[in-house]
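Here is the structure we will look at.
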Amino acid sequence: MLLNQSNPCYERYDAQESLYGLKRFLRFHNKTNVMRTQERSVMIDLAQIPEEKILAMRIRDLSLKIDGIWLGDCVQALYKELEEKGIKFKPPCYLADEWLTPDKEPVIGIPFYLADPVLTKLEKKMMLEAEGDTREECMKLLRHETGHAINYAYQLYKKKKWQKIFGRFSSEYPDTYKFRLYSKNFVRHLSDHYAQYHPDEDFTETFAVWLTPGLDWQNHYKGWKALAKLKYVDELMKSIQGKDPIVKKGKKYWEASRLKTTLGHYYKKKRCSNAERFPDFYDVHLKKIFLGKNEENKNLSLAADILKKYRVDILNSVSAWTGEKKYVINDLLKIIQRRCQELKLVSGQDDARAILKISTYINTLIMNYIYTGWFGGRK
């Protein structure tokens, strides 16, 4: 019996009428879900849709897939590499909001923007690059994520020797990390010395190097401490050859087919969280230090030329005061110098005052980096 006593004019239904109404509702609900599923399964030609309308679309409504396109070929190539190594496990792959392997879930998420050339182009426009957009880069990232998936599928991280060699799997992931540029304790697979980020990443990067076809890692890493890690991974992989995984299924978090956010909102959040990657990140402060070039000041010294002339002095000064490694400061100096050139900034003051101001600014950026891992000072 359904009874709504909160309304003085409630209606009373007997059990039979209530059951009949419930069945009608379920039939309608199921039919609606089928229709929605069919609508989403219809392939959309994004090349025929204006960019502003694409940005207004929800990610789940883009009707994307891995099979039948170049991504599917990459996944099959990965499975073949595993098969040739005698590894029975083939991690399920799905489209997600970024490259990922959810914690302790033996599945691989591939960015949805790689499933359509229009979306790949949009990603490059919005984020300056589309990670994994070439076959070579895609395979490198797939091997990396497979390292995570195999680690979770066979629970290798629980082994005492694994922990002794790579470290504690339970260690927290830092927001950022500072790598040792010339360290030979870690392999080099992905950019930014990613193996130094966390024990799980160290294992994963080592596995990716081990899996890479045609790479003679025994000789390539000869004399490196990282070679011991590679030999352990080789030993570990032989121990699981032909064996079924312990964890056979995984949850597909952040699956593209379930994401209700629009592309416009997705890129708004993504650009905000990656602000330091964009050239205009430094513009506000650089324009306070220098002037924009015009007819009246066109004969003034270019800011980029001043930075180039006094680069060594700035580098030594900032390094002495902050204690930060010179290669970190030098990379930042190059970015700022290039941005000054792109903005065509000039100096309306003597060189000594200009250098004092820009050195103070760079010193602040470096101190932010030391304490938060971000030049902007955010945690």
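Residues in the structure tokens are numbered from 1 in each chain, the chains being A, B, ... in the order shown, and ligands are numbered from 1 in the order shown.
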
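Residues lying within 10 Å of A:His198, counting only C-alpha atoms and ignoring same-chain neighbours fewer than 4 positions away, are Phe166, Gly167, Arg168, Phe169, Ser170, Ser171, Glu172, Tyr173, Pro174, Tyr177, Tyr194, Asp202, Phe203 and Thr204 of chain A.
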
Could you please take those selected residues and save C-alpha atoms as a PDB file, in the first residue's frame?
```
ATOM      1  CA  PHE A 166      61.707  -0.496  -4.848  1.00  0.00           C
ATOM      2  CA  GLY A 167      60.522   0.772  -1.463  1.00  0.00           C
ATOM      3  CA  ARG A 168      57.236   0.882   0.406  1.00  0.00           C
ATOM      4  CA  PHE A 169      54.245   0.625  -1.901  1.00  0.00           C
ATOM      5  CA  SER A 170      52.131   2.289   0.803  1.00  0.00           C
ATOM      6  CA  SER A 171      54.178   5.490   0.649  1.00  0.00           C
ATOM      7  CA  GLU A 172      52.013   8.508  -0.135  1.00  0.00           C
ATOM      8  CA  TYR A 173      52.210  10.030  -3.600  1.00  0.00           C
ATOM      9  CA  PRO A 174      53.566  13.587  -3.326  1.00  0.00           C
ATOM     10  CA  TYR A 177      58.594  15.450  -6.988  1.00  0.00           C
ATOM     11  CA  TYR A 194      59.208   9.559 -13.695  1.00  0.00           C
ATOM     12  CA  ASP A 202      59.921   2.918 -10.121  1.00  0.00           C
ATOM     13  CA  PHE A 203      58.737  -0.664 -10.601  1.00  0.00           C
ATOM     14  CA  THR A 204      56.408   0.315 -13.446  1.00  0.00           C
TER      15      THR A 204
END
```

Please produce, as JSON lines, a per-residue contact table for stretch 239-325 of chain A versus stretch 102-111 of chain A (criterion: any atom at most 12 Å away, only C-alpha atoms considered), showing the nearest atom pair and its distance in Å to one decimal, sorted by chain then residue number.
```
{"residue": "A:Pro245", "atom": "CA", "partner": "A:Pro106", "partner_atom": "CA", "distance": 9.3}
{"residue": "A:Ile246", "atom": "CA", "partner": "A:Pro106", "partner_atom": "CA", "distance": 10.1}
{"residue": "A:Val247", "atom": "CA", "partner": "A:Pro106", "partner_atom": "CA", "distance": 7.2}
{"residue": "A:Lys248", "atom": "CA", "partner": "A:Pro106", "partner_atom": "CA", "distance": 7.5}
{"residue": "A:Lys249", "atom": "CA", "partner": "A:Pro106", "partner_atom": "CA", "distance": 6.6}
{"residue": "A:Gly250", "atom": "CA", "partner": "A:Glu105", "partner_atom": "CA", "distance": 4.6}
{"residue": "A:Lys251", "atom": "CA", "partner": "A:Glu105", "partner_atom": "CA", "distance": 6.1}
{"residue": "A:Lys252", "atom": "CA", "partner": "A:Val107", "partner_atom": "CA", "distance": 6.8}
{"residue": "A:Tyr253", "atom": "CA", "partner": "A:Pro102", "partner_atom": "CA", "distance": 6.7}
{"residue": "A:Trp254", "atom": "CA", "partner": "A:Gly109", "partner_atom": "CA", "distance": 8.2}
{"residue": "A:Glu255", "atom": "CA", "partner": "A:Gly109", "partner_atom": "CA", "distance": 7.6}
{"residue": "A:Ala256", "atom": "CA", "partner": "A:Pro111", "partner_atom": "CA", "distance": 8.3}
{"residue": "A:Ser257", "atom": "CA", "partner": "A:Pro111", "partner_atom": "CA", "distance": 11.7}
```

So that I have them on file, write out the residues from the current selection with C-alpha atoms, as a PDB file, in the first residue's frame.
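File produced: selection-v3.pdb:
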```pdb
ATOM      1  CA  PRO A 245      46.340 -13.314 -12.125  1.00  0.00           C
ATOM      2  CA  ILE A 246      45.254 -13.209  -8.490  1.00  0.00           C
ATOM      3  CA  VAL A 247      43.023 -10.188  -9.132  1.00  0.00           C
ATOM      4  CA  LYS A 248      41.178 -10.983 -12.350  1.00  0.00           C
ATOM      5  CA  LYS A 249      38.866  -7.958 -12.642  1.00  0.00           C
ATOM      6  CA  GLY A 250      39.169  -4.271 -11.920  1.00  0.00           C
ATOM      7  CA  LYS A 251      36.896  -1.264 -11.640  1.00  0.00           C
ATOM      8  CA  LYS A 252      37.088   1.167 -14.536  1.00  0.00           C
ATOM      9  CA  TYR A 253      37.162   4.503 -12.762  1.00  0.00           C
ATOM     10  CA  TRP A 254      36.705   7.771 -14.687  1.00  0.00           C
ATOM     11  CA  GLU A 255      35.401   5.872 -17.712  1.00  0.00           C
ATOM     12  CA  ALA A 256      34.660   8.231 -20.625  1.00  0.00           C
ATOM     13  CA  SER A 257      31.311   6.594 -21.357  1.00  0.00           C
TER      14      SER A 257
END
```

Fewer than 6 positions away in the same chain doesn't count, so skip those; otherwise give me all residues within 7 Å of stretch 233-242 of chain A, counting only C-alpha atoms, as a PDB file with C-alpha atoms, in the first residue's frame.
```
ATOM      1  CA  GLY A  86      55.008 -15.768 -21.607  1.00  0.00           C
ATOM      2  CA  ILE A  87      52.703 -13.521 -19.583  1.00  0.00           C
ATOM      3  CA  LYS A  88      49.137 -14.785 -19.615  1.00  0.00           C
ATOM      4  CA  PHE A 207      58.937  -3.118 -16.138  1.00  0.00           C
TER       5      PHE A 207
END
```

Step one, run DSSP on the backbone; step two, keep only residues of stretch 280-368 of chain A assigned to helix (DSSP H, G or I); then write them as a tab-separated table (two decimals) with N, CA and C atoms, in the first residue's frame.
```tsv
chain	number	residue	atom	x	y	z
A	280	ASP	N	51.75	31.95	-20.95
A	280	ASP	CA	51.26	33.20	-20.37
A	280	ASP	C	51.23	33.19	-18.84
A	281	PHE	N	51.70	32.11	-18.23
A	281	PHE	CA	51.71	32.00	-16.78
A	281	PHE	C	52.54	33.12	-16.13
A	282	TYR	N	53.61	33.55	-16.81
A	282	TYR	CA	54.54	34.54	-16.26
A	282	TYR	C	54.23	35.96	-16.72
A	283	ASP	N	53.27	36.12	-17.62
A	283	ASP	CA	53.06	37.41	-18.30
A	283	ASP	C	52.77	38.57	-17.37
A	284	VAL	N	51.88	38.36	-16.40
A	284	VAL	CA	51.47	39.46	-15.52
A	284	VAL	C	52.67	40.10	-14.82
A	285	HIS	N	53.55	39.27	-14.29
A	285	HIS	CA	54.70	39.80	-13.56
A	285	HIS	C	55.78	40.35	-14.49
A	286	LEU	N	55.97	39.71	-15.63
A	286	LEU	CA	56.97	40.21	-16.58
A	286	LEU	C	56.58	41.59	-17.11
A	287	LYS	N	55.28	41.81	-17.28
A	287	LYS	CA	54.82	43.11	-17.78
A	287	LYS	C	54.90	44.20	-16.72
A	288	LYS	N	55.04	43.79	-15.45
A	288	LYS	CA	55.26	44.76	-14.38
A	288	LYS	C	56.73	45.18	-14.32
A	289	ILE	N	57.60	44.28	-14.74
A	289	ILE	CA	59.05	44.55	-14.71
A	289	ILE	C	59.49	45.28	-15.97
A	303	ALA	N	64.26	43.08	-23.39
A	303	ALA	CA	64.37	42.35	-22.12
A	303	ALA	C	65.05	41.00	-22.31
A	304	ALA	N	64.72	40.34	-23.42
A	304	ALA	CA	65.33	39.03	-23.70
A	304	ALA	C	66.84	39.14	-23.84
A	305	ASP	N	67.31	40.23	-24.46
A	305	ASP	CA	68.75	40.43	-24.64
A	305	ASP	C	69.45	40.67	-23.30
A	306	ILE	N	68.78	41.41	-22.40
A	306	ILE	CA	69.35	41.66	-21.08
A	306	ILE	C	69.47	40.36	-20.29
A	307	LEU	N	68.42	39.53	-20.36
A	307	LEU	CA	68.45	38.24	-19.68
A	307	LEU	C	69.55	37.34	-20.22
A	308	LYS	N	69.74	37.39	-21.53
A	308	LYS	CA	70.79	36.58	-22.15
A	308	LYS	C	72.18	37.07	-21.73
A	309	LYS	N	72.34	38.39	-21.68
A	309	LYS	CA	73.64	38.99	-21.34
A	309	LYS	C	74.06	38.68	-19.91
A	311	ARG	N	72.68	36.22	-17.90
A	311	ARG	CA	72.13	34.93	-17.50
A	311	ARG	C	72.98	34.24	-16.43
A	312	VAL	N	74.28	34.20	-16.63
A	312	VAL	CA	75.18	33.52	-15.69
A	312	VAL	C	75.15	34.20	-14.33
A	313	ASP	N	75.13	35.54	-14.31
A	313	ASP	CA	75.09	36.28	-13.06
A	313	ASP	C	73.80	35.99	-12.29
A	314	ILE	N	72.68	35.98	-13.02
A	314	ILE	CA	71.38	35.70	-12.39
A	314	ILE	C	71.36	34.27	-11.86
A	315	LEU	N	71.85	33.36	-12.67
A	315	LEU	CA	71.88	31.94	-12.31
A	315	LEU	C	72.68	31.72	-11.03
A	316	ASN	N	73.85	32.29	-10.97
A	316	ASN	CA	74.72	32.11	-9.79
A	316	ASN	C	74.11	32.76	-8.55
A	317	SER	N	73.52	33.92	-8.73
A	317	SER	CA	72.94	34.65	-7.61
A	317	SER	C	71.75	33.90	-7.01
A	318	VAL	N	70.83	33.47	-7.87
A	318	VAL	CA	69.64	32.77	-7.40
A	318	VAL	C	70.01	31.43	-6.76
A	319	SER	N	70.97	30.73	-7.36
A	319	SER	CA	71.42	29.45	-6.82
A	319	SER	C	72.05	29.62	-5.44
A	320	ALA	N	72.83	30.70	-5.28
A	320	ALA	CA	73.51	30.96	-4.00
A	320	ALA	C	72.51	31.27	-2.90
A	321	TRP	N	71.47	32.04	-3.22
A	321	TRP	CA	70.51	32.47	-2.22
A	321	TRP	C	69.48	31.39	-1.89
A	322	THR	N	69.11	30.60	-2.87
A	322	THR	CA	68.06	29.59	-2.65
A	322	THR	C	68.60	28.20	-2.37
A	326	LYS	N	71.34	24.31	-10.18
A	326	LYS	CA	71.42	25.29	-11.26
A	326	LYS	C	70.62	24.89	-12.50
A	327	TYR	N	70.49	23.58	-12.76
A	327	TYR	CA	69.77	23.19	-13.97
A	327	TYR	C	68.28	23.52	-13.88
A	328	VAL	N	67.73	23.52	-12.65
A	328	VAL	CA	66.32	23.89	-12.44
A	328	VAL	C	66.15	25.38	-12.73
A	329	ILE	N	67.06	26.19	-12.19
A	329	ILE	CA	67.00	27.64	-12.38
A	329	ILE	C	67.24	27.99	-13.85
A	330	ASN	N	68.19	27.29	-14.46
A	330	ASN	CA	68.52	27.56	-15.86
A	330	ASN	C	67.33	27.27	-16.78
A	331	ASP	N	66.62	26.18	-16.52
A	331	ASP	CA	65.44	25.86	-17.33
A	331	ASP	C	64.38	26.94	-17.20
A	332	LEU	N	64.19	27.43	-15.98
A	332	LEU	CA	63.22	28.51	-15.75
A	332	LEU	C	63.65	29.79	-16.45
A	333	LEU	N	64.93	30.10	-16.40
A	333	LEU	CA	65.46	31.28	-17.07
A	333	LEU	C	65.20	31.23	-18.58
A	334	LYS	N	65.38	30.05	-19.16
A	334	LYS	CA	65.15	29.89	-20.60
A	334	LYS	C	63.70	30.17	-20.97
A	335	ILE	N	62.78	29.67	-20.13
A	335	ILE	CA	61.35	29.87	-20.38
A	335	ILE	C	61.01	31.36	-20.31
A	336	ILE	N	61.52	32.04	-19.28
A	336	ILE	CA	61.23	33.46	-19.09
A	336	ILE	C	61.86	34.30	-20.20
A	337	GLN	N	63.07	33.97	-20.59
A	337	GLN	CA	63.73	34.70	-21.67
A	337	GLN	C	62.96	34.55	-22.98
A	338	ARG	N	62.52	33.32	-23.26
A	338	ARG	CA	61.75	33.07	-24.49
A	338	ARG	C	60.42	33.83	-24.46
A	339	ARG	N	59.79	33.88	-23.28
A	339	ARG	CA	58.51	34.58	-23.17
A	339	ARG	C	58.69	36.09	-23.35
A	340	CYS	N	59.78	36.64	-22.83
A	340	CYS	CA	60.07	38.06	-23.03
A	340	CYS	C	60.25	38.38	-24.50
A	341	GLN	N	60.87	37.46	-25.21
A	341	GLN	CA	61.08	37.63	-26.65
A	341	GLN	C	59.75	37.57	-27.41
A	342	GLU	N	58.90	36.62	-27.02
A	342	GLU	CA	57.60	36.48	-27.68
A	342	GLU	C	56.70	37.69	-27.44
A	343	LEU	N	56.79	38.27	-26.25
A	343	LEU	CA	55.97	39.43	-25.91
A	343	LEU	C	56.60	40.74	-26.40
A	351	ASP	N	70.28	48.64	-16.69
A	351	ASP	CA	70.42	47.18	-16.59
A	351	ASP	C	70.46	46.70	-15.15
A	352	ALA	N	71.16	47.44	-14.26
A	352	ALA	CA	71.31	47.01	-12.87
A	352	ALA	C	69.95	46.89	-12.18
A	353	ARG	N	69.07	47.88	-12.40
A	353	ARG	CA	67.74	47.85	-11.78
A	353	ARG	C	66.89	46.73	-12.38
A	354	ALA	N	67.00	46.55	-13.70
A	354	ALA	CA	66.23	45.49	-14.37
A	354	ALA	C	66.64	44.12	-13.85
A	355	ILE	N	67.95	43.91	-13.72
A	355	ILE	CA	68.46	42.62	-13.25
A	355	ILE	C	68.04	42.37	-11.80
A	356	LEU	N	68.03	43.43	-10.99
A	356	LEU	CA	67.60	43.30	-9.59
A	356	LEU	C	66.15	42.83	-9.52
A	357	LYS	N	65.29	43.43	-10.34
A	357	LYS	CA	63.87	43.09	-10.32
A	357	LYS	C	63.62	41.68	-10.83
A	358	ILE	N	64.25	41.33	-11.96
A	358	ILE	CA	63.99	40.00	-12.54
A	358	ILE	C	64.61	38.91	-11.66
A	359	SER	N	65.74	39.21	-11.03
A	359	SER	CA	66.37	38.24	-10.13
A	359	SER	C	65.48	37.99	-8.91
A	360	THR	N	64.88	39.07	-8.40
A	360	THR	CA	63.97	38.94	-7.25
A	360	THR	C	62.77	38.09	-7.61
A	361	TYR	N	62.23	38.32	-8.82
A	361	TYR	CA	61.07	37.55	-9.28
A	361	TYR	C	61.43	36.07	-9.42
A	362	ILE	N	62.56	35.79	-10.06
A	362	ILE	CA	62.98	34.39	-10.26
A	362	ILE	C	63.30	33.74	-8.92
A	363	ASN	N	63.88	34.51	-8.02
A	363	ASN	CA	64.18	34.00	-6.67
A	363	ASN	C	62.88	33.58	-5.97
A	364	THR	N	61.82	34.38	-6.13
A	364	THR	CA	60.52	34.06	-5.53
A	364	THR	C	59.94	32.79	-6.12
A	365	LEU	N	60.03	32.65	-7.43
A	365	LEU	CA	59.52	31.46	-8.11
A	365	LEU	C	60.24	30.20	-7.62
A	366	ILE	N	61.54	30.30	-7.49
A	366	ILE	CA	62.33	29.15	-7.04
A	366	ILE	C	62.01	28.79	-5.59
A	367	MET	N	61.83	29.78	-4.73
A	367	MET	CA	61.48	29.50	-3.34
A	367	MET	C	60.11	28.84	-3.26
A	368	ASN	N	59.18	29.28	-4.09
A	368	ASN	CA	57.87	28.63	-4.16
A	368	ASN	C	58.03	27.16	-4.55
```

field: All strand (DSSP E) residues (DSSP, backbone) inside stretch 61-261 of chain A, as an NGL selection string
entry: :A and (93-96 or 108-111)

I need the chosen residues saved as a short mmCIF file (atom, residue, chain, number, x, y, z; two decimals), in the first residue's frame, with N, CA and C atoms.
```cif
data_model
loop_
_atom_site.label_atom_id
_atom_site.label_comp_id
_atom_site.auth_asym_id
_atom_site.auth_seq_id
_atom_site.Cartn_x
_atom_site.Cartn_y
_atom_site.Cartn_z
N CYS A 93 41.61 -2.66 -21.46
CA CYS A 93 41.82 -1.23 -21.70
C CYS A 93 40.48 -0.55 -21.98
N TYR A 94 40.34 0.66 -21.50
CA TYR A 94 39.11 1.42 -21.72
C TYR A 94 39.45 2.90 -21.87
N LEU A 95 38.51 3.67 -22.40
CA LEU A 95 38.71 5.10 -22.57
C LEU A 95 38.37 5.83 -21.28
N ALA A 96 39.28 6.69 -20.83
CA ALA A 96 39.10 7.43 -19.58
C ALA A 96 39.41 8.91 -19.82
N ILE A 108 43.52 -0.58 -17.58
CA ILE A 108 44.25 0.57 -18.10
C ILE A 108 43.29 1.57 -18.73
N GLY A 109 43.38 2.82 -18.29
CA GLY A 109 42.60 3.90 -18.89
C GLY A 109 43.42 4.65 -19.92
N ILE A 110 42.83 4.82 -21.11
CA ILE A 110 43.48 5.55 -22.21
C ILE A 110 42.69 6.83 -22.45
N PRO A 111 43.35 7.99 -22.60
CA PRO A 111 42.62 9.25 -22.78
C PRO A 111 41.65 9.21 -23.95
#
```

field: Distance query A:Glu81 at most 10 Å, only C-alpha atoms, self and fewer than 6 positions along chain excluded, as a PyMOL selection string
entry: chain A and resi 75+87+143+211-213

field: For A:Ile54, the nearest of the candidates A:Gln76, A:Gln218, A:Thr262, A:Ser347, counting only C-alpha atoms
entry: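 Of A:Gln76, A:Gln218, A:Thr262, A:Ser347, the one nearest A:Ile54, counting only C-alpha atoms, is A:Thr262.
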